[in-house]
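Pasting my_file-v4.cif here (mmCIF, C-alpha atoms and all ligand atoms):
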data_protein
loop_
_atom_site.group_PDB
_atom_site.id
_atom_site.type_symbol
_atom_site.label_atom_id
_atom_site.label_comp_id
_atom_site.auth_asym_id
_atom_site.auth_seq_id
_atom_site.Cartn_x
_atom_site.Cartn_y
_atom_site.Cartn_z
ATOM 1 C CA MET I 1 0.000 0.000 0.000
ATOM 2 C CA HIS I 2 1.254 3.489 -0.913
ATOM 3 C CA ALA I 3 1.690 6.229 1.665
ATOM 4 C CA PRO I 4 -0.415 9.347 1.042
ATOM 5 C CA VAL I 5 1.463 11.744 -1.298
ATOM 6 C CA ALA I 6 0.728 14.768 0.882
ATOM 7 C CA PRO I 7 -0.898 13.876 4.207
ATOM 8 C CA GLY I 8 -3.577 16.317 5.294
ATOM 9 C CA LEU I 9 -4.317 17.624 1.793
ATOM 10 C CA PRO I 10 -7.347 16.640 -0.309
ATOM 11 C CA LEU I 11 -6.311 14.065 -2.942
ATOM 12 C CA ARG I 12 -6.778 16.379 -5.966
ATOM 13 C CA GLN I 13 -4.759 19.142 -4.328
ATOM 14 C CA ALA I 14 -2.050 16.698 -3.303
ATOM 15 C CA ARG I 15 -1.926 15.295 -6.826
ATOM 16 C CA GLY I 16 -1.563 18.819 -8.209
ATOM 17 C CA ILE I 17 1.347 19.540 -5.896
ATOM 18 C CA MET I 18 3.147 16.295 -6.651
ATOM 19 C CA ALA I 19 2.543 16.088 -10.417
ATOM 20 C CA GLU I 20 5.559 16.776 -12.636
ATOM 21 C CA THR I 21 4.479 18.214 -15.945
ATOM 22 C CA ILE I 22 6.294 19.691 -18.898
ATOM 23 C CA PHE I 23 5.247 23.113 -17.578
ATOM 24 C CA SER I 24 6.679 22.557 -14.098
ATOM 25 C CA LYS I 25 9.957 21.678 -15.836
ATOM 26 C CA ILE I 26 9.752 24.899 -17.855
ATOM 27 C CA ILE I 27 9.127 26.876 -14.634
ATOM 28 C CA ALA I 28 12.136 25.167 -13.033
ATOM 29 C CA GLY I 29 14.288 26.056 -16.065
ATOM 30 C CA GLU I 30 14.922 22.382 -16.856
ATOM 31 C CA ILE I 31 13.281 22.756 -20.281
ATOM 32 C CA PRO I 32 13.696 25.904 -22.397
ATOM 33 C CA CYS I 33 10.871 28.147 -23.540
ATOM 34 C CA HIS I 34 10.486 31.378 -25.473
ATOM 35 C CA LYS I 35 9.607 33.592 -22.502
ATOM 36 C CA VAL I 36 7.211 36.494 -23.001
ATOM 37 C CA TYR I 37 6.505 37.559 -19.406
ATOM 38 C CA GLU I 38 7.463 36.596 -15.856
ATOM 39 C CA ASP I 39 6.679 37.814 -12.355
ATOM 40 C CA ASP I 40 6.719 36.179 -8.919
ATOM 41 C CA HIS I 41 3.570 34.128 -9.611
ATOM 42 C CA VAL I 42 3.200 33.868 -13.386
ATOM 43 C CA LEU I 43 5.157 32.812 -16.459
ATOM 44 C CA ALA I 44 4.099 33.347 -20.086
ATOM 45 C CA PHE I 45 5.788 31.811 -23.129
ATOM 46 C CA LEU I 46 5.124 30.893 -26.748
ATOM 47 C CA ASP I 47 3.150 27.709 -27.367
ATOM 48 C CA ILE I 48 5.354 25.068 -29.045
ATOM 49 C CA ALA I 49 2.568 24.222 -31.518
ATOM 50 C CA PRO I 50 0.778 27.505 -32.145
ATOM 51 C CA ILE I 51 -2.714 27.663 -33.626
ATOM 52 C CA SER I 52 -1.645 31.002 -35.060
ATOM 53 C CA PRO I 53 1.538 33.124 -34.817
ATOM 54 C CA GLY I 54 1.672 34.829 -31.414
ATOM 55 C CA HIS I 55 -0.169 31.981 -29.600
ATOM 56 C CA THR I 56 1.060 32.437 -26.025
ATOM 57 C CA LEU I 57 0.529 30.399 -22.848
ATOM 58 C CA VAL I 58 0.074 32.108 -19.473
ATOM 59 C CA ILE I 59 0.594 29.827 -16.463
ATOM 60 C CA PRO I 60 0.757 30.158 -12.690
ATOM 61 C CA LYS I 61 4.009 29.087 -11.041
ATOM 62 C CA GLN I 62 1.830 27.391 -8.432
ATOM 63 C CA PRO I 63 1.605 23.708 -9.451
ATOM 64 C CA ALA I 64 -2.189 23.558 -9.811
ATOM 65 C CA ARG I 65 -3.796 21.020 -12.154
ATOM 66 C CA THR I 66 -7.056 22.858 -12.901
ATOM 67 C CA LEU I 67 -8.317 26.415 -12.518
ATOM 68 C CA ASP I 68 -10.391 25.676 -9.407
ATOM 69 C CA GLU I 69 -7.176 24.703 -7.555
ATOM 70 C CA VAL I 70 -5.456 28.075 -8.080
ATOM 71 C CA SER I 71 -4.879 30.234 -4.974
ATOM 72 C CA GLU I 72 -6.407 33.717 -4.815
ATOM 73 C CA GLN I 73 -2.921 35.238 -4.986
ATOM 74 C CA SER I 74 -2.063 33.312 -8.161
ATOM 75 C CA ALA I 75 -5.506 34.035 -9.614
ATOM 76 C CA ALA I 76 -5.039 37.760 -9.102
ATOM 77 C CA ALA I 77 -1.584 37.664 -10.688
ATOM 78 C CA LEU I 78 -2.916 35.597 -13.607
ATOM 79 C CA GLY I 79 -5.654 38.138 -14.248
ATOM 80 C CA VAL I 80 -3.164 40.994 -14.432
ATOM 81 C CA ALA I 81 -0.693 39.006 -16.559
ATOM 82 C CA LEU I 82 -3.386 37.886 -19.002
ATOM 83 C CA VAL I 83 -4.308 41.477 -19.762
ATOM 84 C CA LYS I 84 -0.644 42.451 -20.220
ATOM 85 C CA VAL I 85 -0.014 39.494 -22.529
ATOM 86 C CA ALA I 86 -3.202 40.102 -24.520
ATOM 87 C CA ARG I 87 -2.148 43.730 -25.105
ATOM 88 C CA ALA I 88 1.335 42.621 -26.196
ATOM 89 C CA VAL I 89 -0.007 39.929 -28.528
ATOM 90 C CA LYS I 90 -2.348 42.467 -30.150
ATOM 91 C CA ALA I 91 0.376 45.084 -30.487
ATOM 92 C CA VAL I 92 2.999 42.751 -31.943
ATOM 93 C CA THR I 93 0.811 40.641 -34.256
ATOM 94 C CA GLY I 94 -1.342 43.558 -35.392
ATOM 95 C CA VAL I 95 -4.359 41.272 -34.991
ATOM 96 C CA ASP I 96 -7.292 42.830 -33.120
ATOM 97 C CA ALA I 97 -9.262 39.595 -32.632
ATOM 98 C CA TYR I 98 -8.115 36.912 -30.231
ATOM 99 C CA ASN I 99 -9.443 34.103 -28.051
ATOM 100 C CA VAL I 100 -8.487 33.239 -24.483
ATOM 101 C CA LEU I 101 -8.908 29.504 -23.935
ATOM 102 C CA GLN I 102 -8.501 27.560 -20.706
ATOM 103 C CA ASN I 103 -9.090 23.778 -20.634
ATOM 104 C CA ASN I 104 -9.634 21.726 -17.476
ATOM 105 C CA GLU I 105 -9.263 17.909 -17.515
ATOM 106 C CA ALA I 106 -8.948 15.623 -20.527
ATOM 107 C CA ALA I 107 -12.671 15.637 -21.307
ATOM 108 C CA ALA I 108 -12.327 19.392 -21.840
ATOM 109 C CA HIS I 109 -9.209 18.956 -24.038
ATOM 110 C CA GLN I 110 -6.580 19.582 -21.351
ATOM 111 C CA ALA I 111 -3.373 17.833 -22.430
ATOM 112 C CA VAL I 112 -0.871 19.351 -19.981
ATOM 113 C CA PHE I 113 -2.070 19.011 -16.400
ATOM 114 C CA HIS I 114 -0.771 22.317 -15.115
ATOM 115 C CA VAL I 115 -3.197 25.255 -15.352
ATOM 116 C CA HIS I 116 -2.665 27.392 -18.434
ATOM 117 C CA PHE I 117 -4.457 30.041 -20.435
ATOM 118 C CA HIS I 118 -4.021 30.199 -24.199
ATOM 119 C CA VAL I 119 -3.986 33.654 -25.810
ATOM 120 C CA ILE I 120 -4.636 32.951 -29.486
ATOM 121 C CA PRO I 121 -4.758 35.600 -32.206
ATOM 122 C CA LYS I 122 -7.705 35.065 -34.574
ATOM 123 C CA ARG I 123 -6.552 36.140 -38.015
ATOM 124 C CA SER I 124 -9.441 34.796 -40.083
ATOM 125 C CA ASN I 125 -12.042 32.048 -40.048
ATOM 126 C CA ASP I 126 -9.277 29.647 -41.050
ATOM 127 C CA VAL I 127 -6.382 30.822 -38.859
ATOM 128 C CA GLY I 128 -6.974 30.797 -35.120
ATOM 129 C CA LEU I 129 -9.155 28.889 -32.700
ATOM 130 C CA GLY I 130 -12.194 27.089 -34.144
ATOM 131 C CA VAL I 131 -15.081 27.002 -31.701
ATOM 132 C CA GLY I 132 -17.882 24.424 -31.856
ATOM 133 C CA TRP I 133 -20.503 26.372 -29.906
ATOM 134 C CA ARG I 134 -23.946 24.791 -29.791
ATOM 135 C CA PRO I 135 -26.084 26.932 -27.497
ATOM 136 C CA SER I 136 -29.624 26.137 -26.380
ATOM 137 C CA PRO I 137 -32.072 28.450 -24.616
ATOM 138 C CA LEU I 138 -31.640 28.731 -20.848
ATOM 139 C CA ASP I 139 -34.366 26.737 -19.075
ATOM 140 C CA GLN I 140 -36.126 29.549 -17.253
ATOM 141 C CA SER I 141 -38.005 27.117 -15.002
ATOM 142 C CA THR I 142 -34.809 25.746 -13.421
ATOM 143 C CA ALA I 143 -32.543 28.807 -13.804
ATOM 144 C CA PRO I 144 -33.478 30.531 -10.498
ATOM 145 C CA GLU I 145 -32.675 27.445 -8.412
ATOM 146 C CA LEU I 146 -29.513 26.712 -10.399
ATOM 147 C CA ALA I 147 -28.265 30.293 -9.969
ATOM 148 C CA SER I 148 -28.991 30.317 -6.240
ATOM 149 C CA ARG I 149 -27.305 26.927 -5.725
ATOM 150 C CA LEU I 150 -24.241 28.180 -7.587
ATOM 151 C CA ALA I 151 -24.248 31.403 -5.568
ATOM 152 C CA ALA I 152 -24.435 29.405 -2.320
ATOM 153 C CA ALA I 153 -21.486 27.231 -3.427
ATOM 154 C CA ILE I 154 -19.189 30.233 -3.888
ATOM 155 C CA GLU I 155 -16.584 30.338 -1.111
HETATM 156 P P1 LIG Z 1 -4.076 22.051 -23.547
HETATM 157 O O1 LIG Z 1 -4.717 21.160 -24.567
HETATM 158 O O2 LIG Z 1 -3.586 21.274 -22.352
HETATM 159 O O3 LIG Z 1 -4.963 23.206 -23.171
HETATM 160 O O4 LIG Z 1 -2.831 22.709 -24.274
HETATM 161 C C1 LIG Z 1 -1.518 22.384 -23.983
HETATM 162 C C2 LIG Z 1 -0.647 23.258 -24.858
HETATM 163 O O5 LIG Z 1 0.692 23.139 -24.435
HETATM 164 C C3 LIG Z 1 -0.681 22.883 -26.363
HETATM 165 O O6 LIG Z 1 -1.103 24.005 -27.113
HETATM 166 C C4 LIG Z 1 0.761 22.489 -26.654
HETATM 167 O O7 LIG Z 1 1.193 22.880 -27.941
HETATM 168 C C5 LIG Z 1 1.523 23.194 -25.559
HETATM 169 N N1 LIG Z 1 2.770 22.528 -25.186
HETATM 170 C C6 LIG Z 1 2.925 21.226 -24.891
HETATM 171 N N2 LIG Z 1 4.205 20.957 -24.570
HETATM 172 C C7 LIG Z 1 4.876 22.137 -24.670
HETATM 173 C C8 LIG Z 1 6.236 22.491 -24.449
HETATM 174 O O8 LIG Z 1 7.104 21.681 -24.125
HETATM 175 N N3 LIG Z 1 6.554 23.802 -24.626
HETATM 176 C C9 LIG Z 1 5.622 24.728 -24.991
HETATM 177 N N4 LIG Z 1 6.052 25.996 -25.147
HETATM 178 N N5 LIG Z 1 4.336 24.420 -25.204
HETATM 179 C C10 LIG Z 1 3.959 23.132 -25.048
#
Translate the structure described by the file into structure tokens.
Amino acid sequence: MHAPVAPGLPLRQARGIMAETIFSKIIAGEIPCHKVYEDDHVLAFLDIAPISPGHTLVIPKQPARTLDEVSEQSAAALGVALVKVARAVKAVTGVDAYNVLQNNEAAAHQAVFHVHFHVIPKRSNDVGLGVGWRPSPLDQSTAPELASRLAAAIE
């Protein structure tokens, strides 16, 4: 039987702390990257397989697997860094349109299990992020209860 990876921590949090990913190696300087921005809590660098030129990844240095695991301090720093990076990507690429994408878990297309935001210039319908968006009308009969349950779950 294995000892707990981080006694006292919830399993998902412990897994996030222990998991070695390609991004934790980039943060540690063990793997090179084309750095765009860095502060105490955040690193941003070019994606190795860009959807369009300028495609940049913004990641917390905190080893969190999914967005819901990020500390408030890292979240605040990410918010500031995302805006800085978005401005830089716009200025340098000359492209006004861009998407910010953030995937959590494999079912939602996460491939690297360290939180990251993609900033992706959208040059045309063919160059940039394609979005399969299939909306349906909000069910007004269940919306009030759903909204209040979500509001009550906010910590
Ligand atoms: P995800 O599908 O997890 O949201 O996206 C992971 C992203 O990380 C992909 O766009 C992929 O190209 C990028 N990526 C994977 N490995 C590396 C790497 O070693 N260096 C860099 N710069 N990007 C990487």
For range 65-81 of chain I, take all atoms listed in the file, fit an axis-aligned box around them, add 5 Å to each of the six sides, then output centre and edge lengths in Å rounded to one decimal, as lines of an AutoDock Vina configuration file.
center_x = -5.5
center_y = 31.0
center_z = -10.7
size_x = 19.7
size_y = 30.0
size_z = 21.7
**Message:** Quick check, in Å to one decimal: how far apart do CA of Glu145 in chain I and CA of Ala75 in chain I lie?
**Reply:** 28.0 Å
Quick one: residues within 7 Å of Ala97 in chain I, all atoms listed in the file, excluding same-chain residues fewer than 6 positions away - as a short mmCIF file (atom, residue, chain, number, x, y, z; two decimals) with C-alpha atoms, in the frame of the given file?
data_model
loop_
_atom_site.label_atom_id
_atom_site.label_comp_id
_atom_site.auth_asym_id
_atom_site.auth_seq_id
_atom_site.Cartn_x
_atom_site.Cartn_y
_atom_site.Cartn_z
CA PRO I 121 -4.76 35.60 -32.21
CA LYS I 122 -7.70 35.06 -34.57
CA ARG I 123 -6.55 36.14 -38.02
#
Using all atoms listed in the file, find each residue of chain I with at least one atom at most 10 Å away from an atom of ligand LIG 1 (chain Z); report its shortest atom-to-atom pair and that distance in Å (one decimal), sort the rows by chain and rising residue number, and return the result as a tab-separated table.
residue	atom	partner	partner_atom	distance
I:Thr21	CA	Z:LIG1	N2	9.1
I:Ile22	CA	Z:LIG1	O8	5.7
I:Phe23	CA	Z:LIG1	O8	7.0
I:Lys25	CA	Z:LIG1	O8	8.8
I:Ile26	CA	Z:LIG1	O8	7.5
I:Ile31	CA	Z:LIG1	O8	7.4
I:Pro32	CA	Z:LIG1	N3	7.8
I:Cys33	CA	Z:LIG1	N4	5.5
I:His34	CA	Z:LIG1	N4	7.0
I:Lys35	CA	Z:LIG1	N4	8.8
I:Ala44	CA	Z:LIG1	N4	9.1
I:Phe45	CA	Z:LIG1	N4	6.2
I:Leu46	CA	Z:LIG1	N4	5.2
I:Asp47	CA	Z:LIG1	N4	4.0
I:Ile48	CA	Z:LIG1	N5	4.0
I:Ala49	CA	Z:LIG1	O7	4.1
I:Pro50	CA	Z:LIG1	O7	6.3
I:Ile51	CA	Z:LIG1	O6	7.6
I:His55	CA	Z:LIG1	O6	8.4
I:Thr56	CA	Z:LIG1	N4	8.2
I:Leu57	CA	Z:LIG1	N4	7.4
I:Leu101	CA	Z:LIG1	O3	7.5
I:Gln102	CA	Z:LIG1	O3	6.1
I:Asn103	CA	Z:LIG1	O3	4.9
I:Asn104	CA	Z:LIG1	O3	7.5
I:Glu105	CA	Z:LIG1	O2	8.2
I:Ala106	CA	Z:LIG1	O2	8.0
I:Ala108	CA	Z:LIG1	O1	8.3
I:His109	CA	Z:LIG1	O1	5.0
I:Gln110	CA	Z:LIG1	O2	3.6
I:Ala111	CA	Z:LIG1	O2	3.4
I:Val112	CA	Z:LIG1	O2	4.1
I:Phe113	CA	Z:LIG1	O2	6.5
I:His114	CA	Z:LIG1	O2	7.8
I:Val115	CA	Z:LIG1	O2	8.1
I:His116	CA	Z:LIG1	O3	6.7
I:Phe117	CA	Z:LIG1	O3	7.4
I:His118	CA	Z:LIG1	O3	7.1
I:Ile120	CA	Z:LIG1	O6	9.9
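The neighbours of Lys84 in chain I here are the residues that come within 12 Å of it, using only C-alpha atoms and leaving out any residue fewer than 4 positions away in the same chain; they are Val36, Tyr37, Glu38, Asp39, Val42, Leu43, Ala44, Thr56, Val58, Ala77, Leu78, Gly79, Val80, Ala88, Val89, Lys90, Ala91 and Val119 of chain I.
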Go ahead and dump the residues you just picked, C-alpha atoms, as a short mmCIF file (atom, residue, chain, number, x, y, z; two decimals), in the coordinates of the input.
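Heads up, here's the output in result-v2.cif:
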data_model
loop_
_atom_site.label_atom_id
_atom_site.label_comp_id
_atom_site.auth_asym_id
_atom_site.auth_seq_id
_atom_site.Cartn_x
_atom_site.Cartn_y
_atom_site.Cartn_z
CA VAL I 36 7.21 36.49 -23.00
CA TYR I 37 6.50 37.56 -19.41
CA GLU I 38 7.46 36.60 -15.86
CA ASP I 39 6.68 37.81 -12.36
CA VAL I 42 3.20 33.87 -13.39
CA LEU I 43 5.16 32.81 -16.46
CA ALA I 44 4.10 33.35 -20.09
CA THR I 56 1.06 32.44 -26.02
CA VAL I 58 0.07 32.11 -19.47
CA ALA I 77 -1.58 37.66 -10.69
CA LEU I 78 -2.92 35.60 -13.61
CA GLY I 79 -5.65 38.14 -14.25
CA VAL I 80 -3.16 40.99 -14.43
CA ALA I 88 1.34 42.62 -26.20
CA VAL I 89 -0.01 39.93 -28.53
CA LYS I 90 -2.35 42.47 -30.15
CA ALA I 91 0.38 45.08 -30.49
CA VAL I 119 -3.99 33.65 -25.81
#
**Between CA of Val100 in chain I and CA of Val85 in chain I, distance in Å (one decimal)** = 10.7 Å
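Taking CA of Val92 in chain I and CA of Gly128 in chain I as endpoints, the distance between them is 15.9 Å.
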